file query14.csv (CSV, C-alpha atoms)
chain,number,residue,atom,x,y,z
G,1364,MET,CA,31.5,37.1,21.3
G,1365,ASP,CA,30.6,36.3,24.9
G,1366,VAL,CA,32.9,38.6,26.8
G,1367,HIS,CA,31.9,37.2,30.2
G,1368,ALA,CA,32.9,33.7,29.1
G,1369,VAL,CA,36.1,35.1,27.7
G,1370,ARG,CA,37.0,36.8,31.0
G,1371,ARG,CA,36.9,33.4,32.7
G,1372,ASP,CA,39.8,32.4,30.6
G,1373,PHE,CA,42.1,35.1,32.1
G,1374,PRO,CA,43.2,34.3,35.7
G,1375,ILE,CA,44.7,37.7,36.3
G,1376,LEU,CA,41.3,39.4,35.9
G,1377,GLY,CA,40.3,38.0,39.3
G,1378,ARG,CA,42.8,40.2,40.9
G,1379,GLN,CA,41.7,43.0,43.2
G,1380,GLN,CA,43.3,46.5,43.2
G,1381,GLY,CA,42.8,47.4,46.9
G,1382,ASP,CA,39.0,47.4,47.4
G,1383,ASN,CA,38.3,47.5,43.7
G,1384,PRO,CA,38.3,44.9,40.9
G,1385,LEU,CA,41.0,45.3,38.3
G,1386,VAL,CA,39.9,47.3,35.3
G,1387,TYR,CA,42.7,46.8,32.8
G,1388,LEU,CA,42.8,49.3,30.0
G,1389,ASP,CA,46.4,49.1,28.8
G,1390,SER,CA,46.4,46.2,26.3
G,1391,ALA,CA,48.0,48.4,23.7
G,1392,ALA,CA,51.1,48.1,25.9
G,1393,THR,CA,50.7,44.4,26.7
G,1394,SER,CA,47.8,42.0,26.8
G,1395,HIS,CA,46.9,39.5,29.5
G,1396,LYS,CA,47.3,35.7,28.8
G,1397,PRO,CA,44.5,33.2,28.8
G,1398,THR,CA,44.8,29.9,30.6
G,1399,ALA,CA,45.3,28.1,27.3
G,1400,VAL,CA,48.5,30.0,26.6
G,1401,ILE,CA,49.8,29.7,30.1
G,1402,GLU,CA,49.2,25.9,30.1
G,1403,ALA,CA,50.7,25.4,26.7
G,1404,MET,CA,54.0,26.9,27.8
G,1405,ALA,CA,53.9,25.1,31.1
G,1406,ALA,CA,53.2,21.8,29.4
G,1407,PHE,CA,56.1,22.4,26.9
G,1408,TYR,CA,58.5,22.9,29.8
G,1409,ARG,CA,57.2,19.9,31.6
G,1410,ARG,CA,57.2,17.4,28.7
G,1411,SER,CA,58.8,18.7,25.5
G,1412,ASN,CA,61.7,21.0,26.4
G,1413,ALA,CA,64.7,20.6,24.2
G,1414,ASN,CA,66.6,22.8,21.8
G,1415,VAL,CA,65.4,22.9,18.2
G,1416,HIS,CA,67.0,22.2,14.9
G,1417,ARG,CA,70.0,20.7,16.6
G,1418,ALA,CA,69.6,17.0,17.5
G,1419,LEU,CA,68.0,13.8,16.2
G,1420,TYR,CA,66.7,12.4,19.5
G,1421,GLU,CA,62.9,12.1,20.0
G,1422,LEU,CA,62.6,15.0,22.5
G,1423,ALA,CA,64.4,17.4,20.2
G,1424,ALA,CA,62.4,16.3,17.2
G,1425,GLU,CA,59.2,16.9,19.1
G,1426,ALA,CA,60.3,20.4,20.2
G,1427,THR,CA,61.3,21.3,16.7
G,1428,GLU,CA,58.0,20.1,15.4
G,1429,MET,CA,56.2,22.3,17.9
G,1430,TYR,CA,58.3,25.3,17.1
G,1431,GLU,CA,57.8,24.9,13.3
G,1432,GLY,CA,54.1,24.2,14.0
G,1433,ALA,CA,53.8,27.6,15.7
G,1434,ARG,CA,55.4,29.2,12.6
G,1435,ALA,CA,52.8,27.5,10.4
G,1436,LYS,CA,50.0,28.9,12.6
G,1437,VAL,CA,51.3,32.4,12.4
G,1438,ALA,CA,51.7,32.1,8.6
G,1439,GLY,CA,48.1,30.9,8.4
G,1440,LEU,CA,46.9,33.8,10.4
G,1441,LEU,CA,48.5,36.2,7.9
G,1442,GLY,CA,47.7,34.3,4.8
G,1443,ALA,CA,51.4,33.8,4.2
G,1444,SER,CA,53.9,31.0,3.7
G,1445,ALA,CA,55.8,29.5,6.7
G,1446,GLU,CA,59.1,30.3,5.0
G,1447,GLU,CA,58.2,34.0,5.1
G,1448,ILE,CA,57.8,34.0,8.9
G,1449,VAL,CA,60.9,35.1,10.9
G,1450,PHE,CA,60.7,34.7,14.7
G,1451,VAL,CA,62.3,37.5,16.6
G,1452,ARG,CA,62.0,38.9,20.2
G,1453,GLY,CA,59.3,41.5,19.3
G,1454,THR,CA,58.2,44.3,17.0
G,1455,THR,CA,61.3,46.3,17.9
G,1456,GLU,CA,63.7,43.6,16.9
G,1457,ALA,CA,61.7,42.9,13.7
G,1458,LEU,CA,61.9,46.6,12.7
G,1459,ASN,CA,65.6,46.9,13.5
G,1460,LEU,CA,66.2,43.8,11.4
G,1461,ALA,CA,64.2,45.4,8.5
G,1462,ALA,CA,66.1,48.7,8.8
G,1463,TYR,CA,69.5,47.2,9.0
G,1464,THR,CA,69.1,44.7,6.2
G,1465,LEU,CA,67.2,46.9,3.8
G,1466,GLY,CA,69.7,49.7,4.5
G,1467,GLU,CA,72.5,47.4,3.5
G,1468,ALA,CA,70.7,45.9,0.4
G,1469,ARG,CA,68.5,48.7,-1.0
G,1470,VAL,CA,69.6,52.2,0.3
G,1471,GLN,CA,72.6,54.2,-1.0
G,1472,ALA,CA,73.9,57.7,-0.3
G,1473,GLY,CA,71.5,60.3,-1.4
G,1474,ASP,CA,68.4,58.0,-1.3
G,1475,SER,CA,65.4,58.7,0.8
G,1476,ILE,CA,63.8,56.7,3.6
G,1477,VAL,CA,60.2,57.8,4.3
G,1478,VAL,CA,58.5,57.6,7.7
G,1479,THR,CA,55.5,59.3,9.2
G,1480,GLU,CA,54.9,61.7,12.1
G,1481,MET,CA,52.8,59.1,13.9
G,1482,GLU,CA,55.5,56.4,14.2
G,1483,HIS,CA,56.4,54.6,17.5
G,1484,HIS,CA,60.0,55.1,18.2
G,1485,ALA,CA,60.6,51.4,17.2
G,1486,ASN,CA,59.7,52.4,13.6
G,1487,LEU,CA,61.6,55.7,13.6
G,1488,VAL,CA,64.9,55.4,15.4
G,1489,PRO,CA,66.1,52.3,13.5
G,1490,TRP,CA,65.5,54.2,10.2
G,1491,GLN,CA,67.3,57.2,11.6
G,1492,GLN,CA,70.3,55.0,12.2
G,1493,ALA,CA,70.0,53.3,8.8
G,1494,ALA,CA,69.9,56.7,7.1
G,1495,ARG,CA,73.1,57.8,9.0
G,1496,ARG,CA,74.9,54.6,8.1
G,1497,GLN,CA,74.0,54.8,4.4
G,1498,GLY,CA,74.2,58.6,3.9
G,1499,ALA,CA,70.5,58.7,3.1
G,1500,ARG,CA,67.9,61.3,3.9
G,1501,LEU,CA,65.1,60.6,6.4
G,1502,GLN,CA,61.8,62.3,5.5
G,1503,ALA,CA,58.6,62.3,7.6
G,1504,VAL,CA,55.1,62.6,6.2
G,1505,PRO,CA,53.0,65.0,8.4
G,1506,ILE,CA,49.6,64.4,9.7
G,1507,THR,CA,46.4,66.4,9.3
G,1508,GLU,CA,44.6,68.2,12.2
G,1509,GLY,CA,42.3,65.2,12.3
G,1510,GLY,CA,45.1,62.8,13.0
G,1511,GLU,CA,45.4,61.2,9.6
G,1512,LEU,CA,48.3,61.1,7.1
G,1513,ASP,CA,48.6,64.0,4.7
G,1514,PHE,CA,48.2,62.2,1.3
G,1515,ALA,CA,49.4,65.1,-0.8
G,1516,SER,CA,52.6,65.3,1.3
G,1517,TYR,CA,53.0,61.5,1.1
G,1518,GLU,CA,53.0,61.5,-2.7
G,1519,ARG,CA,55.3,64.5,-2.9
G,1520,VAL,CA,57.9,63.0,-0.5
G,1521,LEU,CA,57.8,59.7,-2.5
G,1522,SER,CA,58.8,61.5,-5.7
G,1523,SER,CA,62.3,62.4,-4.3
G,1524,GLY,CA,64.1,59.0,-4.6
G,1525,ALA,CA,62.4,57.1,-1.8
G,1526,LYS,CA,63.7,53.5,-1.5
G,1527,VAL,CA,61.9,52.5,1.7
G,1528,VAL,CA,58.6,53.6,3.3
G,1529,ALA,CA,58.1,52.6,6.9
G,1530,LEU,CA,54.7,53.3,8.4
G,1531,THR,CA,52.4,52.1,11.2
G,1532,HIS,CA,49.3,50.2,10.3
G,1533,ALA,CA,47.6,51.9,13.3
G,1534,SER,CA,49.0,54.6,15.6
G,1535,ASN,CA,49.6,53.5,19.1
G,1536,LEU,CA,48.7,57.0,20.3
G,1537,LEU,CA,46.0,58.4,17.9
G,1538,GLY,CA,44.5,55.0,17.0
G,1539,THR,CA,44.4,56.1,13.4
G,1540,ILE,CA,44.3,53.1,11.0
G,1541,ASN,CA,46.2,53.9,7.9
G,1542,PRO,CA,45.0,52.8,4.4
G,1543,VAL,CA,48.1,50.6,3.9
G,1544,PRO,CA,46.9,49.0,0.6
G,1545,GLU,CA,46.6,52.4,-1.0
G,1546,LEU,CA,49.8,53.7,0.5
G,1547,SER,CA,51.7,50.5,-0.6
G,1548,ASP,CA,50.4,50.9,-4.1
G,1549,ILE,CA,51.7,54.5,-4.3
G,1550,ALA,CA,55.0,53.5,-2.8
G,1551,HIS,CA,55.6,50.6,-5.2
G,1552,ARG,CA,54.9,52.9,-8.2
G,1553,ALA,CA,57.7,55.1,-6.8
G,1554,GLY,CA,60.0,52.1,-6.5
G,1555,ALA,CA,60.0,51.9,-2.7
G,1556,VAL,CA,59.8,48.9,-0.4
G,1557,VAL,CA,57.0,49.1,2.2
G,1558,VAL,CA,57.6,48.1,5.9
G,1559,VAL,CA,54.6,48.0,8.2
G,1560,ASP,CA,54.5,48.2,12.0
G,1561,ALA,CA,51.4,46.1,12.7
G,1562,ALA,CA,51.8,45.8,16.5
G,1563,GLN,CA,48.4,47.3,17.1
G,1564,THR,CA,46.4,45.6,14.4
G,1565,VAL,CA,47.4,41.9,14.0
G,1566,PRO,CA,46.1,41.2,17.5
G,1567,HIS,CA,42.8,42.9,16.9
G,1568,MET,CA,41.6,42.4,13.4
G,1569,PRO,CA,42.0,40.2,10.3
G,1570,VAL,CA,45.3,41.1,8.6
G,1571,SER,CA,46.1,39.6,5.2
G,1572,VAL,CA,49.6,40.4,3.9
G,1573,SER,CA,48.4,39.9,0.3
G,1574,GLU,CA,45.6,42.4,0.8
G,1575,LEU,CA,47.8,44.9,2.5
G,1576,GLY,CA,50.3,44.8,-0.4
G,1577,ALA,CA,53.3,45.6,1.9
G,1578,ASP,CA,56.7,43.9,1.6
G,1579,MET,CA,57.5,43.5,5.3
G,1580,LEU,CA,55.3,43.5,8.4
G,1581,ALA,CA,56.2,43.3,12.1
G,1582,PHE,CA,54.2,42.5,15.3
G,1583,SER,CA,54.7,41.2,18.8
G,1584,GLY,CA,53.3,38.1,20.6
G,1585,HIS,CA,52.8,39.8,24.0
G,1586,LYS,CA,50.2,42.2,22.6
G,1587,MET,CA,48.1,39.3,21.2
G,1588,LEU,CA,47.6,37.2,24.3
G,1589,GLY,CA,50.9,35.5,23.8
G,1590,PRO,CA,54.1,35.6,25.9
G,1591,THR,CA,56.8,38.2,26.0
G,1592,GLY,CA,60.1,37.6,24.2
G,1593,ILE,CA,58.7,36.7,20.8
G,1594,GLY,CA,57.6,38.6,17.8
G,1595,VAL,CA,57.3,38.2,14.0
G,1596,LEU,CA,58.8,39.7,10.9
G,1597,TRP,CA,56.9,38.7,7.8
G,1598,ALA,CA,58.5,39.5,4.5
G,1599,ARG,CA,58.0,38.4,0.9
G,1600,HIS,CA,60.2,35.4,0.4
G,1601,GLU,CA,62.1,36.8,-2.6
G,1602,LEU,CA,63.0,39.8,-0.5
G,1603,LEU,CA,64.2,37.7,2.4
G,1604,GLU,CA,66.4,35.8,-0.1
G,1605,GLU,CA,68.0,39.1,-1.2
G,1606,LEU,CA,68.7,40.4,2.3
G,1607,PRO,CA,71.9,39.9,4.3
G,1608,PRO,CA,71.7,38.5,7.9
G,1609,TYR,CA,71.1,40.9,10.8
G,1610,MET,CA,72.9,38.7,13.4
G,1611,THR,CA,75.4,36.0,12.8
G,1612,GLY,CA,76.3,32.8,14.8
G,1613,GLY,CA,74.9,29.4,15.2
G,1614,GLU,CA,72.1,27.9,13.1
G,1615,MET,CA,71.8,30.7,10.6
G,1616,ILE,CA,74.6,29.3,8.4
G,1617,SER,CA,75.0,26.9,5.6
G,1618,GLU,CA,78.7,26.3,5.9
G,1619,VAL,CA,81.5,27.9,8.0
G,1620,HIS,CA,85.2,27.9,7.3
G,1621,LEU,CA,87.9,29.7,9.2
G,1622,ASP,CA,88.0,32.4,6.6
G,1623,GLY,CA,84.3,32.8,5.8
G,1624,ALA,CA,80.8,31.5,5.9
G,1625,THR,CA,77.7,31.1,3.8
G,1626,TRP,CA,74.2,31.7,5.0
G,1627,ALA,CA,71.2,29.4,5.4
G,1628,ARG,CA,68.1,30.1,3.4
G,1629,PRO,CA,65.3,32.2,5.0
G,1630,PRO,CA,63.8,32.2,7.5
G,1631,ARG,CA,66.7,30.5,9.4
G,1632,ARG,CA,69.2,33.0,8.0
G,1633,PHE,CA,67.6,35.6,10.4
G,1634,GLU,CA,67.3,33.4,13.5
G,1635,ALA,CA,70.8,33.2,14.8
G,1636,GLY,CA,71.4,31.3,18.1
G,1637,THR,CA,68.8,29.5,20.2
G,1638,PRO,CA,65.4,30.8,19.2
G,1639,PRO,CA,62.5,31.5,21.6
G,1640,PHE,CA,61.0,28.1,21.1
G,1641,ALA,CA,59.0,27.9,24.3
G,1642,GLN,CA,57.6,31.4,23.5
G,1643,ALA,CA,56.8,30.2,20.0
G,1644,VAL,CA,54.6,27.5,21.5
G,1645,GLY,CA,52.8,30.1,23.6
G,1646,LEU,CA,52.3,32.3,20.5
G,1647,GLY,CA,50.9,29.4,18.6
G,1648,ALA,CA,48.4,28.8,21.4
G,1649,ALA,CA,47.5,32.5,21.3
G,1650,VAL,CA,46.9,32.3,17.6
G,1651,ASP,CA,44.6,29.3,18.2
G,1652,TYR,CA,42.7,31.2,20.9
G,1653,LEU,CA,42.2,34.2,18.7
G,1654,SER,CA,41.2,32.1,15.7
G,1655,GLN,CA,38.6,30.4,17.8
G,1656,LEU,CA,37.2,33.7,18.9
G,1657,GLY,CA,37.3,35.0,15.3
G,1658,LEU,CA,39.2,38.1,14.6
G,1659,ARG,CA,36.2,39.8,12.9
G,1660,ASP,CA,34.4,39.4,16.2
G,1661,VAL,CA,37.4,40.7,18.1
G,1662,ARG,CA,37.4,43.8,15.8
G,1663,ALA,CA,33.7,44.3,16.3
G,1664,HIS,CA,34.0,44.1,20.0
G,1665,ASP,CA,36.9,46.7,20.0
G,1666,VAL,CA,34.9,49.1,17.8
G,1667,GLY,CA,31.9,48.9,20.2
G,1668,LEU,CA,34.0,49.6,23.2
G,1669,VAL,CA,35.9,52.5,21.5
G,1670,GLN,CA,32.6,54.0,20.4
G,1671,ARG,CA,31.4,53.9,24.0
G,1672,MET,CA,34.6,55.5,25.1
G,1673,LEU,CA,34.6,58.2,22.5
G,1674,GLU,CA,30.9,59.1,23.2
G,1675,GLY,CA,31.6,59.3,26.9
G,1676,LEU,CA,34.8,61.3,26.7
G,1677,SER,CA,33.6,63.7,24.0
G,1678,CYS,CA,30.6,64.8,26.0
G,1679,ARG,CA,32.7,65.8,28.9
G,1680,PRO,CA,33.9,69.4,28.3
G,1681,TYR,CA,36.9,69.1,30.5
G,1682,ILE,CA,38.4,66.3,28.2
G,1683,SER,CA,40.3,66.7,24.9
G,1684,VAL,CA,40.4,63.6,22.7
G,1685,TYR,CA,43.1,63.0,20.1
G,1686,GLY,CA,42.7,61.2,16.8
G,1687,PRO,CA,39.7,60.2,14.6
G,1688,LEU,CA,36.3,60.4,16.2
G,1689,ASP,CA,34.9,57.6,14.0
G,1690,PRO,CA,35.4,54.4,16.0
G,1691,SER,CA,35.7,52.3,12.8
G,1692,ALA,CA,38.7,54.4,11.7
G,1693,ARG,CA,40.8,53.7,14.7
G,1694,ALA,CA,42.3,50.8,16.6
G,1695,GLY,CA,41.1,49.7,20.0
G,1696,LEU,CA,42.5,52.7,22.0
G,1697,VAL,CA,41.7,56.3,22.8
G,1698,SER,CA,44.2,59.0,23.9
G,1699,PHE,CA,42.9,62.0,25.8
G,1700,ASN,CA,43.8,64.7,28.4
G,1701,LEU,CA,41.9,66.4,31.2
G,1702,ARG,CA,42.2,70.2,30.7
G,1703,GLY,CA,45.1,71.6,32.7
G,1704,VAL,CA,45.9,68.3,34.5
G,1705,HIS,CA,49.0,66.3,34.0
G,1706,PRO,CA,48.3,62.8,32.7
G,1707,HIS,CA,50.5,61.2,35.4
G,1708,ASP,CA,48.2,62.7,38.0
G,1709,VAL,CA,45.2,61.3,36.3
G,1710,ALA,CA,46.6,57.8,35.9
G,1711,THR,CA,47.6,57.8,39.6
G,1712,LEU,CA,44.1,58.7,40.8
G,1713,LEU,CA,42.5,56.2,38.4
G,1714,ASP,CA,44.9,53.5,39.8
G,1715,GLN,CA,43.4,54.1,43.2
G,1716,GLU,CA,40.0,53.2,41.7
G,1717,GLY,CA,41.4,50.0,40.2
G,1718,VAL,CA,41.6,51.4,36.7
G,1719,ALA,CA,44.8,50.8,34.8
G,1720,ILE,CA,45.6,53.2,31.9
G,1721,ARG,CA,48.8,54.4,30.3
G,1722,ALA,CA,50.1,58.0,30.8
G,1723,GLY,CA,53.1,59.5,29.0
G,1724,HIS,CA,54.4,60.0,25.5
G,1725,HIS,CA,53.8,56.4,24.5
G,1726,CYS,CA,57.2,56.0,22.8
G,1727,ALA,CA,56.0,58.6,20.2
G,1728,GLN,CA,57.6,61.8,21.3
G,1729,PRO,CA,57.5,63.6,17.8
G,1730,LEU,CA,53.8,62.9,17.6
G,1731,VAL,CA,53.2,64.2,21.1
G,1732,ARG,CA,55.1,67.4,20.2
G,1733,ARG,CA,53.0,67.7,17.0
G,1734,LEU,CA,49.9,67.6,19.2
G,1735,GLY,CA,51.3,70.4,21.4
G,1736,VAL,CA,51.1,68.5,24.6
G,1737,ALA,CA,53.7,67.0,27.0
G,1738,ALA,CA,51.9,63.6,27.3
G,1739,THR,CA,48.5,62.0,27.1
G,1740,CYS,CA,46.4,59.5,28.9
G,1741,ARG,CA,45.6,56.4,26.9
G,1742,ALA,CA,42.9,53.8,27.5
G,1743,SER,CA,43.1,50.6,25.3
G,1744,CYS,CA,40.8,47.7,25.2
G,1745,TYR,CA,40.8,44.0,24.1
G,1746,VAL,CA,38.7,40.9,24.1
G,1747,TYR,CA,38.3,40.8,27.9
G,1748,ASN,CA,37.0,44.3,28.5
G,1749,THR,CA,33.4,45.1,29.0
G,1750,GLY,CA,31.1,48.1,28.5
G,1751,GLY,CA,30.7,48.3,32.3
G,1752,GLU,CA,34.5,48.8,32.6
G,1753,VAL,CA,34.3,51.7,30.2
G,1754,GLU,CA,31.6,53.3,32.4
G,1755,THR,CA,33.9,52.7,35.4
G,1756,LEU,CA,36.7,54.6,33.6
G,1757,LEU,CA,34.4,57.5,32.8
G,1758,SER,CA,33.2,57.7,36.4
G,1759,ALA,CA,36.8,57.6,37.7
G,1760,LEU,CA,37.7,60.4,35.3
G,1761,ASP,CA,34.8,62.5,36.7
G,1762,GLU,CA,36.1,61.9,40.2
G,1763,ALA,CA,39.7,62.7,39.1
G,1764,TRP,CA,38.5,66.0,37.6
G,1765,ARG,CA,36.6,66.9,40.8
G,1766,ILE,CA,39.8,66.4,42.8
G,1767,LEU,CA,42.4,67.9,40.5
G,1768,ARG,CA,40.7,70.9,38.8

call {"tool": "encode", "arguments": {"input": "query14.csv", "output": "structure tokens"}}
result
Amino acid sequence: MDVHAVRRDFPILGRQQGDNPLVYLDSAATSHKPTAVIEAMAAFYRRSNANVHRALYELAAEATEMYEGARAKVAGLLGASAEEIVFVRGTTEALNLAAYTLGEARVQAGDSIVVTEMEHHANLVPWQQAARRQGARLQAVPITEGGELDFASYERVLSSGAKVVALTHASNLLGTINPVPELSDIAHRAGAVVVVDAAQTVPHMPVSVSELGADMLAFSGHKMLGPTGIGVLWARHELLEELPPYMTGGEMISEVHLDGATWARPPRRFEAGTPPFAQAVGLGAAVDYLSQLGLRDVRAHDVGLVQRMLEGLSCRPYISVYGPLDPSARAGLVSFNLRGVHPHDVATLLDQEGVAIRAGHHCAQPLVRRLGVAATCRASCYVYNTGGEVETLLSALDEAWRILR
């Protein structure tokens, strides 16, 4: 992959931060958008804008075709069927939908819902609420000192009446990539449904839902070069057919009478109201862009950058690194701290050098507490980052340590 050619596709990378070029290392929070995505959405608004699934006139039919075309592209990316793709606002809404509907359909008082210590709040709090509504128990699988799931604890927890297992494909703080196929197999033998937060993996590597073996999977458009305001919940079609709607209103119905209603078939059952059709067009363009790059090449690029980061950070005695030290075992991000220095101070000084990183608890407060820290710094990379930018990060950290120690 020619990263310098890729960079020319991203207008924002020409921005200066004061006297310095922008070094953007926060793609785990949100990615930048290539010109192809920006222009696809602008062209839709200029030429094809109409509400979808509502009218017979040509403009509306064209908009509907583009909306459903985007669904087909996402399905192709995952090796799924279009009828299994539900468009939502993002990973958070997808996981709330999963927690609410599975809680209603599959979880009863006394049952167990299993999560892990490394979950983002979006894959923890909805399950807390589902457990409270249903009178179920929420159990968390701990992690090892190396930042990986404790398999013995996982198997033990699953033996206590688990009906749902909700876990991240890759931790947004540790970077740990979980062995979802193996974890799914264990969960299914215990009779549990598996829900996967794939926000940090679908944008960065090939993901096949059939190979993962999960039952539901969630991710966001804005982390994969697409627009904000759209995400995806994939689920096995027979499971979607079983589940009740999450929201009700227009377009998710079959028939409505004054005293009741019947529901449309999936995926429209779960897409009440006006959907994010322009955003879907942008997401479709992002899928096209990533497909042209090749997600295997995207993954290889990430691994190379992470290896360079890990080597540079680990050789600095004033820095602590969290998560696996094998770059092939983690997503495209590294969390770290400077000894005795608050991450917010580090991020502020790096910003003065044009380097944008994240500092905080990364919406994973239980995990941060497990690590025994208040917060961490996090540098995350993507298709437009270079090895030179990693070196700029390391030099900026040296200067921050000189000033702050």

call {"tool": "residues_near_point", "arguments": {"input": "query14.csv", "point": "(74.9, 24.1, 11.3)", "cutoff": "10 Å", "atoms": "all atoms listed in the file", "output": "list in words"}}
result
His1416, Arg1417, Gly1612, Gly1613, Glu1614, Met1615, Ile1616, Ser1617, Glu1618, Val1619, Trp1626 and Ala1627 of chain G

call {"tool": "write_last_selection", "arguments": {"input": "query14.csv", "atoms": "C-alpha atoms", "output": "short mmCIF file (atom, residue, chain, number, x, y, z; two decimals), in the frame of the given file"}}
result
data_model
loop_
_atom_site.label_atom_id
_atom_site.label_comp_id
_atom_site.auth_asym_id
_atom_site.auth_seq_id
_atom_site.Cartn_x
_atom_site.Cartn_y
_atom_site.Cartn_z
CA HIS G 1416 67.00 22.20 14.90
CA ARG G 1417 70.00 20.70 16.60
CA GLY G 1612 76.30 32.80 14.80
CA GLY G 1613 74.90 29.40 15.20
CA GLU G 1614 72.10 27.90 13.10
CA MET G 1615 71.80 30.70 10.60
CA ILE G 1616 74.60 29.30 8.40
CA SER G 1617 75.00 26.90 5.60
CA GLU G 1618 78.70 26.30 5.90
CA VAL G 1619 81.50 27.90 8.00
CA TRP G 1626 74.20 31.70 5.00
CA ALA G 1627 71.20 29.40 5.40
#

call {"tool": "closest_residue", "arguments": {"input": "query14.csv", "among": "G:His1367, G:Arg1765, G:His1483, G:Arg1469", "to": "Gly1538 of chain G", "atoms": "all atoms listed in the file"}}
result
G:His1483

call {"tool": "closest_atom_pairs", "arguments": {"input": "query14.csv", "of": "segment 1534-1611 of chain G", "to": "segment 1696-1707 of chain G", "cutoff": "9 Å", "atoms": "all atoms listed in the file", "output": "Markdown table"}}
result
| residue | atom | partner | partner_atom | distance |
| --- | --- | --- | --- | --- |
| G:Asn1535 | CA | G:Leu1696 | CA | 7.7 |
| G:Leu1536 | CA | G:Ser1698 | CA | 6.1 |
| G:Leu1537 | CA | G:Ser1698 | CA | 6.3 |
| G:Gly1538 | CA | G:Leu1696 | CA | 5.9 |

call {"tool": "write_last_selection", "arguments": {"input": "query14.csv", "atoms": "C-alpha atoms", "output": "mmCIF file, in the frame of the given file"}}
result
data_model
loop_
_atom_site.group_PDB
_atom_site.id
_atom_site.type_symbol
_atom_site.label_atom_id
_atom_site.label_comp_id
_atom_site.auth_asym_id
_atom_site.auth_seq_id
_atom_site.Cartn_x
_atom_site.Cartn_y
_atom_site.Cartn_z
ATOM 1 C CA ASN G 1535 49.600 53.500 19.100
ATOM 2 C CA LEU G 1536 48.700 57.000 20.300
ATOM 3 C CA LEU G 1537 46.000 58.400 17.900
ATOM 4 C CA GLY G 1538 44.500 55.000 17.000
#

call {"tool": "residues_around", "arguments": {"input": "query14.csv", "residues": "Gln1497 of chain G", "least_positions_apart": "6", "cutoff": "9 Å", "atoms": "only C-alpha atoms", "output": "PyMOL selection string"}}
result
chain G and resi 1466-1467+1470-1474

call {"tool": "atom_distance", "arguments": {"input": "query14.csv", "atom1": "atom CA of Arg1768 of chain G", "atom2": "atom CA of Gln1380 of chain G"}}
result
24.9 Å

call {"tool": "residues_around", "arguments": {"input": "query14.csv", "residues": "Leu1668 of chain G", "least_positions_apart": "5", "cutoff": "12 Å", "atoms": "all atoms listed in the file", "output": "list in words"}}
result
Val1366, Leu1388, Val1661, Arg1662, Ala1663, Leu1673, Glu1674, Gly1675, Pro1690, Ser1691, Arg1693, Ala1694, Gly1695, Leu1696, Val1697, Ala1742, Ser1743, Cys1744, Tyr1745, Val1746, Tyr1747, Asn1748, Thr1749, Gly1750, Gly1751, Glu1752, Val1753, Glu1754 and Leu1756 of chain G

call {"tool": "atom_distance", "arguments": {"input": "query14.csv", "atom1": "atom CA of Glu1425 of chain G", "atom2": "atom CA of Ala1413 of chain G"}}
result
8.4 Å

call {"tool": "closest_residue", "arguments": {"input": "query14.csv", "among": "G:Leu1596, G:Leu1734, G:Leu1713, G:Gly1723", "to": "Leu1757 of chain G", "atoms": "only C-alpha atoms"}}
result
G:Leu1713

call {"tool": "atom_distance", "arguments": {"input": "query14.csv", "atom1": "atom CA of Ala1581 of chain G", "atom2": "atom CA of Asp1560 of chain G"}}
result
5.2 Å

call {"tool": "residues_around", "arguments": {"input": "query14.csv", "residues": "Met1404 of chain G", "least_positions_apart": "2", "cutoff": "8 Å", "atoms": "all atoms listed in the file", "output": "number ranges by chain"}}
result
G: 1400-1402, 1406-1408, 1641-1642, 1644-1645

call {"tool": "closest_atom_pairs", "arguments": {"input": "query14.csv", "of": "segment 1369-1479 of chain G", "to": "segment 1525-1528 of chain G", "cutoff": "6 Å", "atoms": "all atoms listed in the file", "output": "Markdown table"}}
result
| residue | atom | partner | partner_atom | distance |
| --- | --- | --- | --- | --- |
| G:Ser1475 | CA | G:Ala1525 | CA | 4.3 |
| G:Ile1476 | CA | G:Val1527 | CA | 5.0 |
| G:Val1477 | CA | G:Val1528 | CA | 4.6 |
| G:Val1478 | CA | G:Val1528 | CA | 5.9 |

call {"tool": "closest_residue", "arguments": {"input": "query14.csv", "among": "G:Leu1440, G:Val1556, G:Ile1720, G:Cys1678", "to": "Asp1761 of chain G", "atoms": "all atoms listed in the file"}}
result
G:Cys1678

call {"tool": "residues_around", "arguments": {"input": "query14.csv", "residues": "Leu1385 of chain G", "least_positions_apart": "5", "cutoff": "9 Å", "atoms": "only C-alpha atoms", "output": "PyMOL selection string"}}
result
chain G and resi 1375-1380+1716-1719

call {"tool": "closest_residue", "arguments": {"input": "query14.csv", "among": "G:Leu1465, G:Ala1368, G:Leu1501, G:Met1429", "to": "Val1520 of chain G", "atoms": "only C-alpha atoms"}}
result
G:Leu1501

call {"tool": "residues_around", "arguments": {"input": "query14.csv", "residues": "Ser1654 of chain G", "least_positions_apart": "6", "cutoff": "12 Å", "atoms": "only C-alpha atoms", "output": "PyMOL selection string"}}
result
chain G and resi 1436-1437+1439-1441+1565-1569+1587-1588+1647-1648+1660-1661

call {"tool": "closest_residue", "arguments": {"input": "query14.csv", "among": "G:Pro1687, G:Pro1729, G:Gly1584, G:Pro1630", "to": "Ala1445 of chain G", "atoms": "only C-alpha atoms"}}
result
G:Pro1630

call {"tool": "closest_residue", "arguments": {"input": "query14.csv", "among": "G:Ala1562, G:Val1595, G:Val1736, G:Val1504", "to": "Glu1456 of chain G", "atoms": "all atoms listed in the file"}}
result
G:Val1595

call {"tool": "residues_near_point", "arguments": {"input": "query14.csv", "point": "(48.6, 61.4, 5.3)", "cutoff": "10 Å", "atoms": "only C-alpha atoms", "output": "list of chain:residue names"}}
result
G:Thr1479, G:Glu1480, G:Met1481, G:Val1504, G:Pro1505, G:Ile1506, G:Thr1507, G:Gly1510, G:Glu1511, G:Leu1512, G:Asp1513, G:Phe1514, G:Ala1515, G:Ser1516, G:Tyr1517, G:Glu1518, G:Asn1541, G:Pro1542, G:Leu1546
